[in-house]
>>> print(open('protein_4.cif').read())   # mmCIF, C-alpha atoms
data_query
#
loop_
_atom_site.label_atom_id
_atom_site.label_comp_id
_atom_site.auth_asym_id
_atom_site.auth_seq_id
_atom_site.Cartn_x
_atom_site.Cartn_y
_atom_site.Cartn_z
CA MET Y 1 45.94 -1.24 0.55
CA PRO Y 2 48.78 0.47 2.45
CA THR Y 3 49.41 4.12 1.68
CA PRO Y 4 53.07 5.09 1.18
CA LEU Y 5 54.14 7.61 3.80
CA SER Y 6 55.16 10.02 1.05
CA GLU Y 7 51.53 10.29 -0.06
CA ILE Y 8 50.12 11.20 3.37
CA MET Y 9 49.01 14.84 3.35
CA LEU Y 10 50.49 16.56 6.38
CA ASN Y 11 50.42 20.08 7.78
CA ASP Y 12 52.78 21.79 10.23
CA LYS Y 13 50.46 21.13 13.18
CA GLY Y 14 50.44 17.37 12.67
CA PHE Y 15 47.05 17.08 10.95
CA ALA Y 16 47.39 14.11 8.61
CA PHE Y 17 45.09 12.97 5.79
CA ASP Y 18 45.29 9.57 4.13
CA PRO Y 19 44.16 10.10 0.50
CA THR Y 20 43.61 6.37 -0.05
CA THR Y 21 41.18 5.81 2.79
CA GLY Y 22 39.86 9.34 3.35
CA GLU Y 23 40.72 9.14 7.06
CA SER Y 24 42.32 11.99 8.96
CA PHE Y 25 44.44 11.91 12.11
CA GLN Y 26 45.95 14.32 14.61
CA LEU Y 27 49.56 13.33 15.27
CA SER Y 28 51.46 14.08 18.46
CA THR Y 29 54.51 16.34 18.19
CA THR Y 30 56.74 13.26 18.46
CA GLY Y 31 54.73 11.46 15.80
CA LEU Y 32 55.01 14.40 13.44
CA GLU Y 33 58.80 14.52 13.86
CA ILE Y 34 59.12 10.77 13.31
CA ILE Y 35 57.08 10.98 10.10
CA ARG Y 36 59.18 13.88 8.85
CA ALA Y 37 62.35 11.96 9.63
CA LEU Y 38 61.08 8.80 7.93
CA ARG Y 39 60.15 10.76 4.83
CA HIS Y 40 63.59 12.30 4.48
CA ALA Y 41 65.84 9.47 5.61
CA PRO Y 42 66.81 6.57 3.35
CA ASP Y 43 65.75 3.93 5.92
CA ARG Y 44 64.38 3.47 9.44
CA ASP Y 45 67.77 3.36 11.16
CA ALA Y 46 68.87 6.57 9.48
CA ALA Y 47 65.61 8.24 10.55
CA LEU Y 48 66.13 7.15 14.16
CA THR Y 49 69.74 8.36 14.16
CA LYS Y 50 68.65 11.73 12.81
CA LEU Y 51 66.00 12.07 15.55
CA ILE Y 52 68.50 11.17 18.31
CA GLU Y 53 70.94 13.78 17.04
CA GLU Y 54 68.36 16.49 16.45
CA PHE Y 55 66.47 16.19 19.75
CA GLU Y 56 69.38 15.09 21.95
CA VAL Y 57 67.51 12.18 23.53
CA ASP Y 58 69.05 8.96 24.76
CA GLU Y 59 68.94 6.10 22.31
CA ASN Y 60 66.78 3.79 24.46
CA THR Y 61 64.01 6.35 24.92
CA ALA Y 62 64.14 7.36 21.28
CA ARG Y 63 64.04 3.77 20.05
CA ARG Y 64 61.09 2.93 22.33
CA ASP Y 65 59.03 5.92 21.09
CA PHE Y 66 60.10 5.28 17.52
CA ASP Y 67 59.11 1.60 17.57
CA GLN Y 68 55.81 2.31 19.30
CA PHE Y 69 54.92 4.92 16.71
CA LEU Y 70 55.94 2.68 13.80
CA ALA Y 71 53.71 -0.08 15.16
CA SER Y 72 50.76 2.30 15.29
CA ILE Y 73 51.19 3.64 11.76
CA GLU Y 74 51.72 0.15 10.41
CA GLN Y 75 48.40 -0.76 11.99
CA ILE Y 76 46.59 1.98 10.07
CA GLY Y 77 48.29 0.95 6.85
CA TRP Y 78 51.01 3.56 6.36
CA LEU Y 79 54.18 2.15 4.92
CA PRO Y 80 57.37 3.82 6.08
CA MET X 1 22.77 28.49 -30.33
CA SER X 2 19.32 28.25 -28.76
CA ALA X 3 19.07 27.37 -25.08
CA LEU X 4 18.98 23.72 -24.17
CA ARG X 5 15.59 22.29 -23.19
CA ILE X 6 15.95 19.48 -20.69
CA ALA X 7 13.58 17.38 -18.56
CA VAL X 8 14.88 16.20 -15.18
CA SER X 9 13.07 14.08 -12.58
CA GLY X 10 13.62 13.23 -8.90
CA LEU X 11 13.58 16.68 -7.30
CA HIS X 12 13.26 15.88 -3.61
CA ARG X 13 16.09 16.91 -1.31
CA GLY X 14 14.75 16.02 2.12
CA GLU X 15 15.80 13.18 4.41
CA ASN X 16 15.96 10.79 1.48
CA PRO X 17 17.31 13.03 -1.30
CA GLN X 18 16.98 12.32 -5.01
CA PRO X 19 19.54 13.38 -7.64
CA GLY X 20 17.39 15.72 -9.78
CA ALA X 21 17.87 18.96 -7.85
CA GLY X 22 21.66 18.49 -7.80
CA ILE X 23 21.66 17.71 -11.53
CA ILE X 24 19.75 20.92 -12.25
CA ARG X 25 22.20 22.91 -10.13
CA SER X 26 25.14 21.46 -12.04
CA ILE X 27 23.49 22.10 -15.42
CA ARG X 28 22.81 25.72 -14.45
CA ARG X 29 26.49 26.18 -13.55
CA GLN X 30 27.41 25.57 -17.20
CA HIS X 31 24.16 26.40 -19.02
CA PRO X 32 22.47 29.17 -17.01
CA ASP X 33 19.94 29.79 -19.81
CA ALA X 34 18.81 26.19 -20.15
CA PHE X 35 15.07 25.61 -19.94
CA ILE X 36 14.45 22.86 -17.42
CA ALA X 37 11.19 20.97 -17.00
CA GLY X 38 10.88 19.13 -13.69
CA LEU X 39 9.06 15.81 -13.88
CA THR X 40 7.69 15.00 -10.43
CA TYR X 41 5.84 12.24 -8.65
CA ASP X 42 4.85 14.21 -5.57
CA ALA X 43 3.82 17.85 -5.09
CA MET X 44 6.00 17.92 -1.96
CA GLU X 45 9.29 17.30 -3.79
CA SER X 46 11.29 20.16 -2.31
CA GLY X 47 13.30 20.87 -5.47
CA ILE X 48 10.13 22.17 -7.14
CA TYR X 49 10.23 25.26 -4.94
CA VAL X 50 13.95 25.96 -4.80
CA GLU X 51 15.49 29.13 -6.26
CA GLY X 52 17.19 28.29 -9.55
CA GLY X 53 15.07 25.15 -9.81
CA PRO X 54 12.99 24.00 -12.78
CA ASP X 55 11.24 26.48 -15.08
CA ALA X 56 8.12 24.32 -15.30
CA ILE X 57 6.80 21.35 -13.35
CA PHE X 58 4.86 18.40 -14.69
CA PRO X 59 3.51 15.68 -12.41
CA MET X 60 4.08 12.21 -13.86
CA PRO X 61 2.43 8.83 -13.26
CA TYR X 62 4.70 6.41 -11.38
CA PRO X 63 6.82 4.32 -13.76
CA THR X 64 5.31 1.22 -12.14
CA ASN X 65 1.99 2.22 -13.80
CA GLY X 66 3.56 1.07 -17.04
CA ALA X 67 4.88 2.39 -20.33
CA GLU X 68 1.54 3.42 -21.80
CA ALA X 69 0.61 5.80 -18.96
CA PHE X 70 4.15 7.19 -18.82
CA LEU X 71 4.38 7.87 -22.56
CA GLU X 72 0.87 9.31 -22.71
CA ARG X 73 1.74 11.83 -20.02
CA LEU X 74 5.09 12.52 -21.67
CA ASP X 75 3.25 13.42 -24.88
CA THR X 76 1.15 15.97 -22.99
CA VAL X 77 4.29 17.44 -21.42
CA LEU X 78 6.06 17.67 -24.79
CA ALA X 79 3.04 19.33 -26.38
CA GLN X 80 2.95 22.01 -23.70
CA SER X 81 6.64 22.45 -23.14
CA PRO X 82 8.89 20.81 -25.73
CA VAL X 83 12.18 19.42 -24.42
CA ASP X 84 14.96 17.70 -26.37
CA ILE X 85 16.76 15.83 -23.61
CA PHE X 86 15.51 13.72 -20.70
CA ILE X 87 17.69 12.86 -17.69
CA PRO X 88 15.86 10.25 -15.61
CA THR X 89 17.16 9.96 -12.06
CA LEU X 90 15.20 7.18 -10.38
CA ASP X 91 15.98 3.47 -10.63
CA SER X 92 12.37 2.62 -11.46
CA GLU X 93 12.33 5.18 -14.31
CA VAL X 94 15.55 3.85 -15.80
CA GLU X 95 14.18 0.31 -15.60
CA LEU X 96 11.17 1.40 -17.64
CA LEU X 97 13.02 3.66 -20.07
CA VAL X 98 15.70 1.15 -21.13
CA HIS X 99 12.82 -0.63 -22.87
CA LEU X 100 11.51 2.54 -24.50
CA GLU X 101 14.49 3.88 -26.44
CA THR X 102 12.61 3.69 -29.75
CA GLU X 103 9.53 5.40 -28.35
CA LEU X 104 11.62 8.19 -26.86
CA ARG X 105 13.54 8.65 -30.09
CA GLN X 106 10.28 8.84 -32.05
CA ARG X 107 9.30 11.74 -29.82
CA GLY X 108 12.57 13.51 -30.51
CA LEU X 109 13.66 12.96 -26.93
CA ARG X 110 17.33 12.18 -26.43
CA THR X 111 18.62 10.29 -23.38
CA CYS X 112 21.76 8.42 -22.36
CA LEU X 113 20.75 5.06 -20.98
CA PRO X 114 22.47 1.70 -20.57
CA ASP X 115 21.27 -1.11 -22.80
CA LYS X 116 18.76 -3.58 -21.40
CA ALA X 117 21.26 -6.39 -20.92
CA ALA X 118 23.72 -4.20 -18.98
CA PHE X 119 20.91 -2.83 -16.85
CA ALA X 120 19.75 -6.34 -15.95
CA GLN X 121 23.30 -7.56 -15.32
CA ARG X 122 23.80 -5.10 -12.43
CA ALA X 123 20.51 -5.97 -10.72
CA LYS X 124 20.91 -6.89 -7.07
CA ASN X 125 20.08 -10.56 -7.62
CA ARG X 126 22.69 -10.87 -10.43
CA LEU X 127 25.44 -8.82 -8.83
CA GLY X 128 27.32 -11.93 -7.64
CA ALA X 129 27.78 -13.24 -11.20
CA LEU X 130 28.92 -9.84 -12.47
CA ALA X 131 31.32 -9.41 -9.55
CA GLY X 132 32.73 -12.90 -10.17
CA ALA X 133 33.40 -12.08 -13.83
CA CYS X 134 35.24 -8.92 -12.76
CA GLN X 135 37.26 -10.46 -9.89
CA VAL X 136 35.42 -8.28 -7.39
CA THR X 137 34.32 -9.53 -4.00
CA VAL X 138 30.65 -9.37 -3.17
CA PRO X 139 29.12 -10.28 0.22
CA GLU X 140 27.31 -13.62 0.12
CA THR X 141 23.75 -12.88 -1.03
CA VAL X 142 20.62 -15.01 -1.29
CA SER X 143 17.34 -14.07 -3.03
CA VAL X 144 14.22 -14.92 -1.04
CA HIS X 145 10.56 -14.88 -2.00
CA SER X 146 8.90 -15.41 1.38
CA VAL X 147 9.42 -14.91 5.11
CA ALA X 148 9.73 -18.67 5.60
CA GLY X 149 12.31 -18.91 2.82
CA ALA X 150 14.23 -16.03 4.38
CA ALA X 151 14.33 -17.73 7.80
CA TRP X 152 15.67 -20.90 6.18
CA ALA X 153 18.34 -19.01 4.21
CA ALA X 154 19.35 -16.97 7.26
CA ARG X 155 20.21 -20.12 9.20
CA LYS X 156 22.90 -20.82 6.62
CA LEU X 157 24.15 -17.22 6.28
CA GLY X 158 24.08 -16.44 10.01
CA TYR X 159 23.13 -13.19 11.73
CA PRO X 160 23.40 -10.23 11.50
CA LEU X 161 22.18 -9.74 7.93
CA MET X 162 21.20 -6.92 5.64
CA VAL X 163 17.82 -7.37 3.97
CA LYS X 164 17.40 -5.46 0.71
CA GLY X 165 14.35 -4.58 -1.34
CA GLN X 166 14.36 -5.45 -5.02
CA TYR X 167 14.68 -1.79 -6.07
CA TYR X 168 15.32 0.18 -2.94
CA ASP X 169 15.71 0.19 0.84
CA ALA X 170 17.80 -1.97 3.13
CA LYS X 171 17.18 -3.08 6.69
CA TYR X 172 19.44 -4.57 9.33
CA ALA X 173 18.31 -7.86 10.87
CA GLY X 174 20.08 -9.11 13.97
CA SER X 175 17.61 -11.88 14.79
CA GLU X 176 14.92 -14.06 13.21
CA MET X 177 12.23 -11.74 14.57
CA GLU X 178 13.83 -8.67 12.96
CA LEU X 179 14.37 -10.65 9.78
CA SER X 180 10.67 -11.60 9.51
CA SER X 181 9.58 -8.01 9.97
CA ALA X 182 12.15 -6.67 7.46
CA VAL X 183 11.46 -9.28 4.77
CA SER X 184 7.71 -8.88 5.13
CA LYS X 185 7.95 -5.08 4.79
CA LEU X 186 10.37 -5.14 1.83
CA LEU X 187 8.39 -7.79 -0.06
CA SER X 188 5.24 -5.77 0.44
CA ASP X 189 6.87 -2.46 -0.59
CA TRP X 190 9.02 -3.58 -3.50
CA GLY X 191 7.83 -7.05 -4.48
CA ALA X 192 9.81 -10.28 -4.69
CA PRO X 193 12.57 -11.15 -4.44
CA ALA X 194 14.16 -9.56 -1.41
CA MET X 195 17.86 -10.14 -0.88
CA LEU X 196 19.60 -11.36 2.27
CA GLN X 197 23.21 -10.28 2.42
CA ARG X 198 26.00 -11.09 4.85
CA CYS X 199 26.85 -7.97 6.88
CA VAL X 200 30.13 -6.31 6.01
CA HIS X 201 31.79 -4.26 8.74
CA GLY X 202 33.81 -1.27 7.63
CA PRO X 203 33.61 2.17 6.04
CA GLU X 204 31.48 2.86 2.99
CA PHE X 205 32.79 4.25 -0.29
CA ASN X 206 30.92 5.44 -3.35
CA ALA X 207 32.11 6.14 -6.88
CA LEU X 208 30.05 8.18 -9.30
CA GLY X 209 30.84 8.23 -12.97
CA LEU X 210 29.79 8.29 -16.56
CA GLY X 211 30.25 5.32 -18.86
CA ASP X 212 30.86 5.85 -22.57
CA GLY X 213 28.99 2.71 -23.66
CA GLU X 214 32.16 1.17 -25.08
CA GLY X 215 33.64 0.01 -21.81
CA GLY X 216 35.38 3.25 -20.90
CA ILE X 217 34.77 5.79 -18.15
CA VAL X 218 34.52 9.48 -19.00
CA GLY X 219 35.00 10.59 -15.40
CA LEU X 220 35.05 9.15 -11.90
CA CYS X 221 34.68 10.69 -8.43
CA CYS X 222 35.36 8.42 -5.45
CA ILE X 223 34.38 9.34 -1.91
CA ARG X 224 34.43 7.86 1.55
CA LYS X 225 31.12 8.47 3.31
CA THR X 226 32.14 10.41 6.39
CA ILE X 227 28.68 10.99 7.88
CA VAL X 228 25.93 8.43 7.42
CA SER X 229 22.30 9.02 8.39
CA ASP X 230 20.08 6.48 10.14
CA LYS X 231 18.78 5.55 6.70
CA GLY X 232 22.31 4.95 5.44
CA LYS X 233 22.38 8.15 3.37
CA GLY X 234 25.71 9.96 3.02
CA LEU X 235 25.36 13.30 4.77
CA GLY X 236 29.03 13.94 4.23
CA GLY X 237 31.75 12.57 1.99
CA MET X 238 35.48 13.02 1.39
CA THR X 239 37.14 12.50 -1.99
CA ILE X 240 39.75 9.75 -2.00
CA SER X 241 42.25 8.42 -4.49
CA ASP X 242 42.64 4.67 -4.30
CA LYS X 243 43.93 2.79 -7.34
CA ARG X 244 42.25 -0.39 -6.08
CA LEU X 245 38.80 1.21 -6.09
CA THR X 246 39.38 2.87 -9.47
CA ALA X 247 40.43 -0.49 -10.92
CA ILE X 248 37.27 -2.17 -9.55
CA CYS X 249 35.10 0.52 -11.18
CA GLU X 250 36.96 0.19 -14.49
CA ARG X 251 36.53 -3.59 -14.51
CA LEU X 252 32.81 -3.43 -13.73
CA ILE X 253 32.00 -0.66 -16.22
CA GLY X 254 34.24 -2.31 -18.83
CA GLU X 255 32.43 -5.63 -18.43
CA LEU X 256 29.00 -3.98 -18.63
CA ARG X 257 30.01 -1.60 -21.44
CA TRP X 258 27.89 0.80 -19.41
CA ARG X 259 26.44 3.84 -21.12
CA GLY X 260 25.45 6.83 -19.02
CA PRO X 261 25.53 7.76 -15.35
CA PHE X 262 26.28 5.25 -12.59
CA GLU X 263 27.09 5.04 -8.90
CA ILE X 264 29.07 2.11 -7.52
CA GLU X 265 28.69 1.44 -3.79
CA VAL X 266 31.33 -0.59 -1.96
CA MET X 267 32.38 -1.21 1.63
CA LEU X 268 35.88 -1.84 2.87
CA ASP X 269 35.56 -5.19 4.60
CA GLU X 270 37.87 -4.57 7.55
CA ALA X 271 38.11 -8.25 8.45
CA ARG X 272 39.36 -9.17 4.96
CA GLY X 273 41.07 -5.89 4.02
CA GLU X 274 39.31 -5.73 0.65
CA TYR X 275 36.48 -3.86 -0.99
CA ALA X 276 33.12 -5.62 -1.18
CA LEU X 277 30.72 -4.57 -3.92
CA ILE X 278 27.33 -3.64 -2.47
CA GLU X 279 25.38 -2.13 -5.35
CA ILE X 280 25.56 -0.48 -8.79
CA ASN X 281 22.97 2.24 -9.26
CA PRO X 282 21.96 3.09 -12.84
CA ARG X 283 21.93 6.86 -12.30
CA PHE X 284 23.77 9.74 -10.69
CA PRO X 285 23.60 9.92 -6.87
CA ALA X 286 22.09 12.77 -4.83
CA TRP X 287 25.61 14.20 -4.19
CA ILE X 288 26.10 14.79 -7.93
CA ASP X 289 26.58 18.57 -7.58
CA PHE X 290 29.59 18.13 -5.28
CA PRO X 291 32.12 17.18 -8.02
CA SER X 292 30.83 20.11 -10.09
CA MET X 293 32.10 22.37 -7.30
CA ILE X 294 35.62 20.96 -7.69
CA GLY X 295 35.79 21.16 -11.46
CA ALA X 296 34.17 17.90 -12.66
CA ASN X 297 30.66 18.69 -13.88
CA PHE X 298 29.21 15.25 -14.67
CA PRO X 299 25.70 16.43 -15.71
CA ALA X 300 27.29 18.92 -18.16
CA ALA X 301 29.47 16.10 -19.55
CA LEU X 302 26.36 13.95 -19.88
CA LEU X 303 24.67 16.68 -21.92
CA GLU X 304 27.77 16.97 -24.08
CA MET X 305 27.71 13.22 -24.62
CA ILE X 306 24.02 13.28 -25.59
CA LEU X 307 24.39 16.28 -27.89
CA ALA X 308 27.58 15.07 -29.60
CA GLY X 309 26.35 11.48 -29.77
CA GLY X 310 29.74 10.22 -28.61
CA ARG X 311 32.35 10.28 -25.93
CA PRO X 312 32.95 13.79 -24.51
CA ALA X 313 36.32 15.11 -23.35
CA PRO X 314 37.45 13.31 -20.16
CA LEU X 315 36.37 15.05 -16.97
CA ALA X 316 38.90 16.59 -14.64
CA GLU X 317 40.21 14.33 -11.89
CA CYS X 318 38.61 14.78 -8.46
CA PRO X 319 41.68 14.95 -6.21
CA ALA X 320 41.65 13.52 -2.68
CA GLY X 321 40.95 15.83 0.23
CA HIS X 322 37.78 17.65 -0.85
CA PHE X 323 34.67 17.08 1.18
CA TYR X 324 30.98 17.82 1.09
CA LEU X 325 28.47 18.21 3.87
CA ARG X 326 24.76 18.03 3.23
CA HIS X 327 23.30 21.34 4.34
CA GLN X 328 19.55 21.43 4.81
CA VAL X 329 17.66 24.67 4.19
CA GLU X 330 14.00 25.60 4.02
CA VAL X 331 12.34 26.39 0.72
CA HIS X 332 9.16 28.38 0.45
CA GLY X 333 5.96 27.46 -1.34
CA HIS X 334 2.37 28.72 -1.34
CA ILE X 335 -0.84 26.77 -1.10
CA ASP X 336 -1.76 28.08 -4.58
CA GLN X 337 1.26 26.28 -6.01
CA LEU X 338 0.32 23.09 -4.21
CA ALA X 339 -3.26 23.44 -5.46
CA ALA X 340 -2.07 23.96 -9.03
CA LEU X 341 0.13 20.88 -8.88
CA SER X 342 -2.55 18.78 -7.24
CA THR X 343 -5.35 19.73 -9.64
CA SER X 344 -4.33 21.15 -13.00
CA ALA X 345 -1.37 18.80 -13.44
CA ASP X 346 1.17 21.36 -14.57
CA PHE X 347 2.79 24.35 -13.06
CA HIS X 348 5.29 27.12 -13.67
CA PRO X 349 7.03 27.97 -10.38
CA LYS X 350 8.35 31.29 -11.66
CA LEU X 351 4.90 32.71 -12.50
#
>>> encode(input="protein_4.cif", output="structure tokens")
Amino acid sequence: MPTPLSEIMLNDKGFAFDPTTGESFQLSTTGLEIIRALRHAPDRDAALTKLIEEFEVDENTARRDFDQFLASIEQIGWLP
Amino acid sequence: MSALRIAVSGLHRGENPQPGAGIIRSIRRQHPDAFIAGLTYDAMESGIYVEGGPDAIFPMPYPTNGAEAFLERLDTVLAQSPVDIFIPTLDSEVELLVHLETELRQRGLRTCLPDKAAFAQRAKNRLGALAGACQVTVPETVSVHSVAGAAWAARKLGYPLMVKGQYYDAKYAGSEMELSSAVSKLLSDWGAPAMLQRCVHGPEFNALGLGDGEGGIVGLCCIRKTIVSDKGKGLGGMTISDKRLTAICERLIGELRWRGPFEIEVMLDEARGEYALIEINPRFPAWIDFPSMIGANFPAALLEMILAGGRPAPLAECPAGHFYLRHQVEVHGHIDQLAALSTSADFHPKL
């Protein structure tokens, strides 16, 4: 069963624990920022916009990293 | 109030640990003055010699020797060292004792056991029917009574398979040759039938709990096994919180109206994305002292349930993110202790 992103236990260094499955993960710096953005933004587009503004990256690069990361967390069952 | 007097069995904590030593540790956390008699089947059960272990040790005949021998020995134990409560910890003991409730009561011995029908309903060869009634998936399983029968059944199930003994032990069989050897060994060790089960690939999860006998659960602790030994024993576990697993446990225990301790073993079938029920054990598991360390003392709740004769206060939730690691240490004994246990048939470790 997918675990809502809001329930993932996360520390400042990107160590993440899924309380539903008992699995833990080490996120990259980019991954950590994407998760934080997804948790605080109302939807995916708003999260991406926030990341582009905050880190001053071009939209294409940001969207590529963002989509890649979303695909990987969807695979492990985290629902953004 | 006088100190509790309790008998606990299954004291070994080696490679294949039994629950008794963990139960004693949990009881001592809440009842440090309790008198605990250890009932043992082997002088080498390591929990005999551990600090804070039982106050007295009494070797017992194996439950498979039958009720008469077991009760006769129990009478000797009670004459020498009266106890009021008995917490059996081995499957074979529970199987015997569910038929002896009257006899135990006549001896003033209180227990908390499932009724006979519920005990039989969770047996490995009836698990499929129970799971079906509770909308729980169970891997396809076939009971076999001979090596030839197993080979025939395996052609339909396909390899690899898990082969399980009637009471205990499981072996992996990837080919007909491995299957023959496994079935032959398990039939010889545990009698017929042995079970062939389709292999499930995925992580293992266990849930320990206490049923109130009316279909409710007094407390539940769910873990993912994080380290598994060659024998399939959980050397490490992490608490989890999954509503799906909790619901499965509630349905099974509700259907059985289970009274007393239990452990439900499931695997997350990665191919199907759902839990598959593997086994329901009629006792606490060897990792029973772990929840006591995070505020949910199941053995103490069991005692409360036995003493009050009803449902105790619900146990605290075991939140996700706590883990245990099995930590092996040496315990010390002397040949005199071994001699006493091997010859005079009772023993006080603290003398």
>>> residues_around(input="protein_4.cif", residues="Y:Thr20", least_positions_apart="4", cutoff="12 Å", atoms="only C-alpha atoms", output="list in words")
Met1, Pro2, Thr3, Pro4, Leu5, Glu7, Ile8, Met9, Ser24, Ile76, Gly77 and Trp78 of chain Y; Phe205, Cys222, Ile223, Arg224, Met238, Thr239, Ile240, Ser241, Asp242, Lys243, Arg244, Leu245, Thr246, Leu268, Pro319, Ala320 and Gly321 of chain X
>>> resolve_selection(input="protein_4.cif", expression="the PyMOL selection byres ((chain Y) within 7 of (chain X))", output="list in words")
Pro19, Thr20, Thr21 and Gly22 of chain Y
>>> closest_residue(input="protein_4.cif", among="Y:Lys13, Y:Leu27, Y:Val57, Y:Asp43", to="Y:Phe69", atoms="only C-alpha atoms")
Y:Leu27
>>> atom_distance(input="protein_4.cif", atom1="atom CA of X:Glu176", atom2="atom CA of X:Ala153")
10.8 Å
>>> axis_aligned_box(input="protein_4.cif", around="stretch 13-32 of chain Y", padding_each_side="3 Å", output="AutoDock Vina command-line options")
--center_x 48.3 --center_y 13.5 --center_z 9.2 --size_x 22.9 --size_y 21.3 --size_z 24.5
>>> decode(input="protein_4.cif", residues="stretch 14-27 of chain Y", atoms="C-alpha atoms", output="PDB file, in the first residue's frame")
ATOM      1  CA  GLY Y  14      18.048  13.136   3.902  1.00  0.00           C
ATOM      2  CA  PHE Y  15      17.671   9.902   5.889  1.00  0.00           C
ATOM      3  CA  ALA Y  16      14.129   8.731   5.183  1.00  0.00           C
ATOM      4  CA  PHE Y  17      12.089   6.015   6.915  1.00  0.00           C
ATOM      5  CA  ASP Y  18       8.882   4.559   5.525  1.00  0.00           C
ATOM      6  CA  PRO Y  19       6.743   3.614   8.566  1.00  0.00           C
ATOM      7  CA  THR Y  20       4.461   1.390   6.478  1.00  0.00           C
ATOM      8  CA  THR Y  21       7.136  -0.885   5.066  1.00  0.00           C
ATOM      9  CA  GLY Y  22       9.928  -0.413   7.617  1.00  0.00           C
ATOM     10  CA  GLU Y  23      12.392   0.454   4.842  1.00  0.00           C
ATOM     11  CA  SER Y  24      14.892   3.276   5.117  1.00  0.00           C
ATOM     12  CA  PHE Y  25      16.596   5.281   2.377  1.00  0.00           C
ATOM     13  CA  GLN Y  26      19.345   7.853   1.982  1.00  0.00           C
ATOM     14  CA  LEU Y  27      18.126  10.641  -0.298  1.00  0.00           C
TER      15      LEU Y  27
END
